[in-house]
Amino acid sequence: MALNLRQKQTECIIRMLNLNQPVNSTSTGNEEEVYKMLIFDRFCQNVLSPLIHVKDLRKHGITLYFLIDKDRKPVHDVPAVYFVQPSKNNIDRIVADASRFLYDNFYLNFSSSIPRPLLEDLASGTLNSDSIQRISKVHDQYLEFITLEDNLFSLAQKNIYVQLNDPSAGDREIEEIIERIVSGLFSVLATLAVVPVIRCQRGGPAEMVASALDQRLRDHLLSKNNLFTEGGGFASSFQRPILCLFDRNFELSVGIQHDFRYRPLVHDVLGLKLNRLSVQGEKGGMKSYELDSSDPFWVANGSLEFPEVAVEIETQLNKYKKDVDEVNRRTGGTDGAEFNGTDLIGNTKHLMNAVNSLPELTERKQIIDKHTNIATVLLGEIKERSLDSYAKKENDMMSRGGIDRNELLSALKGKGTKTDKLRFAVIYLISSESINQSEVEAVEAALRESEVDISAFQYVKKIKSLNVAFTSANSASRSNIVDWAEKLYGQSISAMTAGVKNLLSSDRQLALTRTVEGLMEGKPNPEIDTFLTFDPRAPKSSSGTSSSHLKGPFKEAIVFMIGGGNYVEYGSLQELATNQQPVKHIIYGSTEILTGVEFVEQLSLLGQKMGLGNVTAATAPPPPPGR
């Protein structure tokens with residue numbers, strides 16, 4: 001059975017709402033329903049939001065729900081289910097709630113394993129206030145991640161790219177970030193109940209995460225409460241998934257480029273967050289929409305180019321009108337595009353069929369209207385900002401390795417927001433095989449003319465010039481460059497220099513997708529032979545090396561991007577999975593899902609931290625990490 005992260009996480013949440021009792025599918029319906037309250041923090045609210053709607057909460061006996069930091073009145077005779085992160089603030093609040101006797105029974109569920117000091121604080125706090133008997137159960141749920149689609153998740157850890165590449169970051173800070181990422185990934189693996197074979201780039205954050213996750217899994221497999229129920233250590237690689245870890249610097253351009261496919265476009269331009277977005281309605285006012293697996297149009301057309309989506313909306317609308325006309329004709333109603341109950345006269349034999357088809361037709365019309373509205377707003381943005389032109393030119397630059405100077409400068413002086421121009425300029429830098437100083441100066445002048453903060457451009461230029469120096473240097477001066485650069489630029493340089501060759505590829509298949517394909521195939525391949533292998537089920541000595549039974553082929557993969565992922569990579573990997581014979585299965589996750597605008601803000605922040613760019617420009621600096 002394929003790994004379905006969304007389904008598995010939803011099952012865990014429903015069990016938690018059911019007071020951690022198994023949900024009995026064979027129940028007779030005579031059992032007395034237990035009414036409960038749900039208390040969550042902001043993070044856990046975001047975990048629940050894409051998976052469970054308010055009407056679903058009622059189905060599981062939840063009648064009231066509150067944020068933990070809101071003032072709440074006592075409610076007796078109803079158990080309270082808490083779902084929160086294990087933090088000092090949350091523990092203090094739980095102790096305060098228990099000592100005020102807000103509820104009779106507290107069922108505490110933590111999104112990840114609660115550290116021992118916090119557990120002791122909980123015990124002593126409730127003991128001192130004589131409320132410990134109200135704490136009915138304490139559970140570690142390992143749900144410290146947000147599942148957006150069946151095969152897409154985010155750890156919702158903000159600004160990781162900045163934190164890992166910050167030149168002033170100390171070892172302790174880096175270790176804490178790595179530990180948080182490992183904790184999130186452990187939650188994902190515990191929810192799926194699989195111990196994967198881990199492959200990662202050598203050096204940089206990917207290796208640090210792989211090594212720490214390998215150790216965490218080894219320690220856990222030795223513990224009594226083993227969460228991983230799949231087969232023993234001899235399961236072949238075909239049964240076990242492969243976990244491929246990458247650092248954002250492996251392929252920087254994908255996080256920055258404009259894309260013209262529907263799903264990435266909706267995310268980048270309209271700010272899709274937790275599967276929801278708000279757009280201007282036809283008659284003024286804002287309309288909120290949900291875009292998830294319950295929307296068949298979104299599922300079927302998310303990976304199409306925007307013009308194809310517009311055609312598909314038209315096709316669906318015509319099909320809907322035809323079906324309405326058919327129902328009207330068969331029931332003796334009048335021909336017409338709108339379908340309403342008053343036309344249902346005539347042949348009683350067809351009447352029931354028409355009544356039965358009404359909900360389905362109404363739902364179809366709602367979906368068509370929703371996507372017509374979204375596409376109309378998108379089209380307005382595309383025309384106003386020339387997004388189609390940016391996407392095409394950036395694609396051409398990446399495949400040709402450059403662009404005509406006049407074309408470059410006219411694009412920077414043309415339509416588009418300040419960030420559109422900045423992203424275009426950064427892609428120009430990444431795609432150029434060598435840096436043409438006079439051209440770069442002309443680009444910087446054009447950006448300044450548009451009052452663009454060029455910190456991000458300067459940051460990538462600095463990294464790029466280090467790459468050039470690195471690749472042309474002999475081995476002795478090479479190590480000097482790396483030593484100097486690592487002092488100055490934190491973690492990024494080793495990964496950057498390793499990833500130079502990935503910036504350009506002939507067929508424009510993403511380097512990430514090409515590498516994942518190679519790792520899943522497991523055949524000898526110079527692009528992936530340098531990747532390290534960790535197998536938490538194997539004896540310790542063999543970790544970090546490729547032993548033959550770990551080479552694949554693998555039919556399931558979890559691909560994780562450290563430092564920010566995006567819908568472009570997600571779409572590309574899903575395409576790879578479905579085009580394989582037999583069909584493979586790939587889950588994609590990241591520390592956070594970023595739009596091009598958000599990622600460039602992080603590059604700008606790094607540029608400013610390194611004293612590059614013109615901070616006095618009209619654009620305000622991005623918010624500091626953690627906001």
# chains A, B, ... in the order shown; residues from 1 in each chain; ligands from 1
>>> residues_around(residues="Ser410 in chain A", least_positions_apart="5", cutoff="10 Å", atoms="only C-alpha atoms", output="PDB file with N, CA, C and O atoms, in the first residue's frame")
ATOM      1  N   ARG A 405      21.722  41.326 -24.037  1.00  0.00           N
ATOM      2  CA  ARG A 405      21.812  42.469 -23.112  1.00  0.00           C
ATOM      3  C   ARG A 405      20.616  43.428 -23.242  1.00  0.00           C
ATOM      4  O   ARG A 405      20.052  43.869 -22.241  1.00  0.00           O
ATOM      5  N   LYS A 415       7.342  46.339 -17.369  1.00  0.00           N
ATOM      6  CA  LYS A 415       6.309  46.106 -16.344  1.00  0.00           C
ATOM      7  C   LYS A 415       6.842  45.208 -15.228  1.00  0.00           C
ATOM      8  O   LYS A 415       7.885  44.586 -15.367  1.00  0.00           O
ATOM      9  N   ALA A 446      19.864  49.633 -13.423  1.00  0.00           N
ATOM     10  CA  ALA A 446      18.436  49.543 -13.793  1.00  0.00           C
ATOM     11  C   ALA A 446      17.580  49.232 -12.568  1.00  0.00           C
ATOM     12  O   ALA A 446      16.480  49.777 -12.406  1.00  0.00           O
TER      13      ALA A 446
END
>>> atom_distance(atom1="CA of Ile68 in chain A", atom2="CA of Glu33 in chain A")
24.6 Å
>>> residues_around(residues="Gly564 in chain A", least_positions_apart="2", cutoff="6 Å", atoms="only C-alpha atoms", output="ChimeraX atom specification")
/A:562,590-594
>>> residues_around(residues="Gly565 in chain A", least_positions_apart="5", cutoff="10 Å", atoms="only C-alpha atoms", output="PDB file with all heavy atoms, in the first residue's frame")
ATOM      1  N   PHE A 153       4.046  18.078   2.461  1.00  0.00           N
ATOM      2  CA  PHE A 153       4.008  18.525   3.862  1.00  0.00           C
ATOM      3  C   PHE A 153       5.036  19.628   4.105  1.00  0.00           C
ATOM      4  O   PHE A 153       5.976  19.821   3.326  1.00  0.00           O
ATOM      5  CB  PHE A 153       4.234  17.355   4.824  1.00  0.00           C
ATOM      6  CG  PHE A 153       5.655  16.817   4.849  1.00  0.00           C
ATOM      7  CD1 PHE A 153       6.595  17.313   5.763  1.00  0.00           C
ATOM      8  CD2 PHE A 153       6.055  15.809   3.980  1.00  0.00           C
ATOM      9  CE1 PHE A 153       7.891  16.822   5.786  1.00  0.00           C
ATOM     10  CE2 PHE A 153       7.357  15.312   4.000  1.00  0.00           C
ATOM     11  CZ  PHE A 153       8.281  15.818   4.905  1.00  0.00           C
ATOM     12  N   SER A 154       4.817  20.357   5.193  1.00  0.00           N
ATOM     13  CA  SER A 154       5.730  21.428   5.595  1.00  0.00           C
ATOM     14  C   SER A 154       5.938  21.329   7.097  1.00  0.00           C
ATOM     15  O   SER A 154       5.002  21.006   7.830  1.00  0.00           O
ATOM     16  CB  SER A 154       5.092  22.774   5.239  1.00  0.00           C
ATOM     17  OG  SER A 154       5.694  23.813   5.979  1.00  0.00           O
ATOM     18  N   ASP A 247      19.631  20.463   0.475  1.00  0.00           N
ATOM     19  CA  ASP A 247      19.715  21.815   1.020  1.00  0.00           C
ATOM     20  C   ASP A 247      19.309  22.772  -0.103  1.00  0.00           C
ATOM     21  O   ASP A 247      19.618  22.528  -1.271  1.00  0.00           O
ATOM     22  CB  ASP A 247      21.181  22.013   1.457  1.00  0.00           C
ATOM     23  CG  ASP A 247      21.547  23.449   1.683  1.00  0.00           C
ATOM     24  OD1 ASP A 247      20.655  24.241   2.021  1.00  0.00           O
ATOM     25  OD2 ASP A 247      22.740  23.783   1.529  1.00  0.00           O
ATOM     26  N   ARG A 248      18.610  23.856   0.238  1.00  0.00           N
ATOM     27  CA  ARG A 248      18.086  24.787  -0.781  1.00  0.00           C
ATOM     28  C   ARG A 248      19.170  25.249  -1.762  1.00  0.00           C
ATOM     29  O   ARG A 248      18.891  25.494  -2.931  1.00  0.00           O
ATOM     30  CB  ARG A 248      17.458  25.999  -0.074  1.00  0.00           C
ATOM     31  CG  ARG A 248      16.793  27.065  -0.930  1.00  0.00           C
ATOM     32  CD  ARG A 248      15.554  26.595  -1.655  1.00  0.00           C
ATOM     33  NE  ARG A 248      15.829  25.991  -2.936  1.00  0.00           N
ATOM     34  CZ  ARG A 248      14.992  25.200  -3.602  1.00  0.00           C
ATOM     35  NH1 ARG A 248      13.816  24.896  -3.104  1.00  0.00           N
ATOM     36  NH2 ARG A 248      15.320  24.686  -4.767  1.00  0.00           N
ATOM     37  N   VAL A 254      15.187  27.525  -8.488  1.00  0.00           N
ATOM     38  CA  VAL A 254      13.773  27.108  -8.470  1.00  0.00           C
ATOM     39  C   VAL A 254      12.981  27.893  -7.425  1.00  0.00           C
ATOM     40  O   VAL A 254      11.793  28.155  -7.608  1.00  0.00           O
ATOM     41  CB  VAL A 254      13.634  25.588  -8.190  1.00  0.00           C
ATOM     42  CG1 VAL A 254      12.215  25.127  -8.461  1.00  0.00           C
ATOM     43  CG2 VAL A 254      14.592  24.806  -9.064  1.00  0.00           C
ATOM     44  N   GLY A 255      13.655  28.285  -6.352  1.00  0.00           N
ATOM     45  CA  GLY A 255      12.973  29.051  -5.306  1.00  0.00           C
ATOM     46  C   GLY A 255      12.695  30.491  -5.713  1.00  0.00           C
ATOM     47  O   GLY A 255      11.948  31.194  -5.038  1.00  0.00           O
ATOM     48  N   PHE A 560      13.009  15.715   0.908  1.00  0.00           N
ATOM     49  CA  PHE A 560      12.884  16.820   1.860  1.00  0.00           C
ATOM     50  C   PHE A 560      13.894  17.909   1.549  1.00  0.00           C
ATOM     51  O   PHE A 560      15.091  17.650   1.417  1.00  0.00           O
ATOM     52  CB  PHE A 560      13.073  16.319   3.292  1.00  0.00           C
ATOM     53  CG  PHE A 560      12.791  17.382   4.323  1.00  0.00           C
ATOM     54  CD1 PHE A 560      11.487  17.745   4.622  1.00  0.00           C
ATOM     55  CD2 PHE A 560      13.836  18.052   4.962  1.00  0.00           C
ATOM     56  CE1 PHE A 560      11.214  18.744   5.557  1.00  0.00           C
ATOM     57  CE2 PHE A 560      13.574  19.042   5.898  1.00  0.00           C
ATOM     58  CZ  PHE A 560      12.259  19.394   6.191  1.00  0.00           C
ATOM     59  N   TYR A 570       7.412  20.393  -6.094  1.00  0.00           N
ATOM     60  CA  TYR A 570       6.371  19.412  -5.770  1.00  0.00           C
ATOM     61  C   TYR A 570       5.731  18.882  -7.058  1.00  0.00           C
ATOM     62  O   TYR A 570       5.617  17.667  -7.252  1.00  0.00           O
ATOM     63  CB  TYR A 570       5.320  20.056  -4.864  1.00  0.00           C
ATOM     64  CG  TYR A 570       4.071  19.219  -4.648  1.00  0.00           C
ATOM     65  CD1 TYR A 570       4.155  17.947  -4.080  1.00  0.00           C
ATOM     66  CD2 TYR A 570       2.814  19.695  -5.019  1.00  0.00           C
ATOM     67  CE1 TYR A 570       3.017  17.173  -3.887  1.00  0.00           C
ATOM     68  CE2 TYR A 570       1.675  18.926  -4.829  1.00  0.00           C
ATOM     69  CZ  TYR A 570       1.781  17.668  -4.266  1.00  0.00           C
ATOM     70  OH  TYR A 570       0.651  16.900  -4.088  1.00  0.00           O
ATOM     71  N   TYR A 588       6.761  14.916  -0.982  1.00  0.00           N
ATOM     72  CA  TYR A 588       7.690  16.054  -0.961  1.00  0.00           C
ATOM     73  C   TYR A 588       7.413  16.913   0.268  1.00  0.00           C
ATOM     74  O   TYR A 588       6.254  17.205   0.580  1.00  0.00           O
ATOM     75  CB  TYR A 588       7.504  16.897  -2.225  1.00  0.00           C
ATOM     76  CG  TYR A 588       8.285  18.202  -2.272  1.00  0.00           C
ATOM     77  CD1 TYR A 588       9.662  18.212  -2.480  1.00  0.00           C
ATOM     78  CD2 TYR A 588       7.632  19.426  -2.125  1.00  0.00           C
ATOM     79  CE1 TYR A 588      10.371  19.410  -2.534  1.00  0.00           C
ATOM     80  CE2 TYR A 588       8.339  20.635  -2.188  1.00  0.00           C
ATOM     81  CZ  TYR A 588       9.710  20.618  -2.396  1.00  0.00           C
ATOM     82  OH  TYR A 588      10.400  21.812  -2.465  1.00  0.00           O
ATOM     83  N   GLY A 589       8.464  17.296   0.964  1.00  0.00           N
ATOM     84  CA  GLY A 589       8.286  18.149   2.138  1.00  0.00           C
ATOM     85  C   GLY A 589       9.416  19.150   2.243  1.00  0.00           C
ATOM     86  O   GLY A 589      10.439  19.042   1.563  1.00  0.00           O
ATOM     87  N   SER A 590       9.219  20.124   3.113  1.00  0.00           N
ATOM     88  CA  SER A 590      10.219  21.164   3.275  1.00  0.00           C
ATOM     89  C   SER A 590      10.089  21.802   4.652  1.00  0.00           C
ATOM     90  O   SER A 590       9.078  21.634   5.332  1.00  0.00           O
ATOM     91  CB  SER A 590      10.004  22.223   2.194  1.00  0.00           C
ATOM     92  OG  SER A 590      10.868  23.307   2.411  1.00  0.00           O
ATOM     93  N   THR A 591      11.120  22.554   5.044  1.00  0.00           N
ATOM     94  CA  THR A 591      11.046  23.274   6.318  1.00  0.00           C
ATOM     95  C   THR A 591       9.897  24.286   6.283  1.00  0.00           C
ATOM     96  O   THR A 591       9.239  24.536   7.278  1.00  0.00           O
ATOM     97  CB  THR A 591      12.369  23.994   6.623  1.00  0.00           C
ATOM     98  OG1 THR A 591      12.840  24.621   5.423  1.00  0.00           O
ATOM     99  CG2 THR A 591      13.411  23.021   7.122  1.00  0.00           C
ATOM    100  N   GLU A 592       9.652  24.908   5.114  1.00  0.00           N
ATOM    101  CA  GLU A 592       8.471  25.764   4.899  1.00  0.00           C
ATOM    102  C   GLU A 592       8.251  25.860   3.390  1.00  0.00           C
ATOM    103  O   GLU A 592       9.173  25.668   2.610  1.00  0.00           O
ATOM    104  CB  GLU A 592       8.659  27.163   5.519  1.00  0.00           C
ATOM    105  CG  GLU A 592       9.846  27.939   5.000  1.00  0.00           C
ATOM    106  CD  GLU A 592      10.026  29.313   5.647  1.00  0.00           C
ATOM    107  OE1 GLU A 592       9.015  29.977   5.963  1.00  0.00           O
ATOM    108  OE2 GLU A 592      11.188  29.739   5.803  1.00  0.00           O
ATOM    109  N   ILE A 593       7.012  26.121   2.992  1.00  0.00           N
ATOM    110  CA  ILE A 593       6.708  26.309   1.567  1.00  0.00           C
ATOM    111  C   ILE A 593       6.737  27.812   1.293  1.00  0.00           C
ATOM    112  O   ILE A 593       5.984  28.565   1.898  1.00  0.00           O
ATOM    113  CB  ILE A 593       5.316  25.724   1.200  1.00  0.00           C
ATOM    114  CG1 ILE A 593       5.212  24.247   1.614  1.00  0.00           C
ATOM    115  CG2 ILE A 593       5.030  25.898  -0.284  1.00  0.00           C
ATOM    116  CD1 ILE A 593       6.034  23.268   0.820  1.00  0.00           C
ATOM    117  N   LEU A 594       7.626  28.231   0.384  1.00  0.00           N
ATOM    118  CA  LEU A 594       7.840  29.662   0.151  1.00  0.00           C
ATOM    119  C   LEU A 594       7.441  30.089  -1.253  1.00  0.00           C
ATOM    120  O   LEU A 594       7.673  29.353  -2.218  1.00  0.00           O
ATOM    121  CB  LEU A 594       9.332  29.998   0.333  1.00  0.00           C
ATOM    122  CG  LEU A 594       9.921  29.844   1.732  1.00  0.00           C
ATOM    123  CD1 LEU A 594      11.430  30.017   1.694  1.00  0.00           C
ATOM    124  CD2 LEU A 594       9.301  30.838   2.693  1.00  0.00           C
ATOM    125  N   THR A 595       6.889  31.290  -1.368  1.00  0.00           N
ATOM    126  CA  THR A 595       6.706  31.903  -2.689  1.00  0.00           C
ATOM    127  C   THR A 595       8.059  32.487  -3.098  1.00  0.00           C
ATOM    128  O   THR A 595       8.957  32.664  -2.261  1.00  0.00           O
ATOM    129  CB  THR A 595       5.680  33.047  -2.641  1.00  0.00           C
ATOM    130  OG1 THR A 595       6.206  34.084  -1.793  1.00  0.00           O
ATOM    131  CG2 THR A 595       4.335  32.591  -2.090  1.00  0.00           C
ATOM    132  N   PHE A 599      11.102  33.949  -0.618  1.00  0.00           N
ATOM    133  CA  PHE A 599      12.473  33.433  -0.640  1.00  0.00           C
ATOM    134  C   PHE A 599      13.466  34.559  -0.939  1.00  0.00           C
ATOM    135  O   PHE A 599      14.532  34.644  -0.313  1.00  0.00           O
ATOM    136  CB  PHE A 599      12.614  32.286  -1.638  1.00  0.00           C
ATOM    137  CG  PHE A 599      13.983  31.666  -1.610  1.00  0.00           C
ATOM    138  CD1 PHE A 599      14.509  31.171  -0.427  1.00  0.00           C
ATOM    139  CD2 PHE A 599      14.771  31.603  -2.761  1.00  0.00           C
ATOM    140  CE1 PHE A 599      15.790  30.620  -0.371  1.00  0.00           C
ATOM    141  CE2 PHE A 599      16.045  31.046  -2.713  1.00  0.00           C
ATOM    142  CZ  PHE A 599      16.560  30.561  -1.517  1.00  0.00           C
TER     143      PHE A 599
END
>>> select_by_dssp(residues="range 573-607 of chain A", states="strand (DSSP E)", output="list in words")
His585, Ile586, Ile587, Tyr588, Gly589 and Ser590 of chain A
>>> residues_around(residues="Val568 in chain A", least_positions_apart="4", cutoff="12 Å", atoms="only C-alpha atoms", output="PyMOL selection string")
chain A and resi 152+253-268+302-305+509-510+512-513+564+572-575+588+593-596
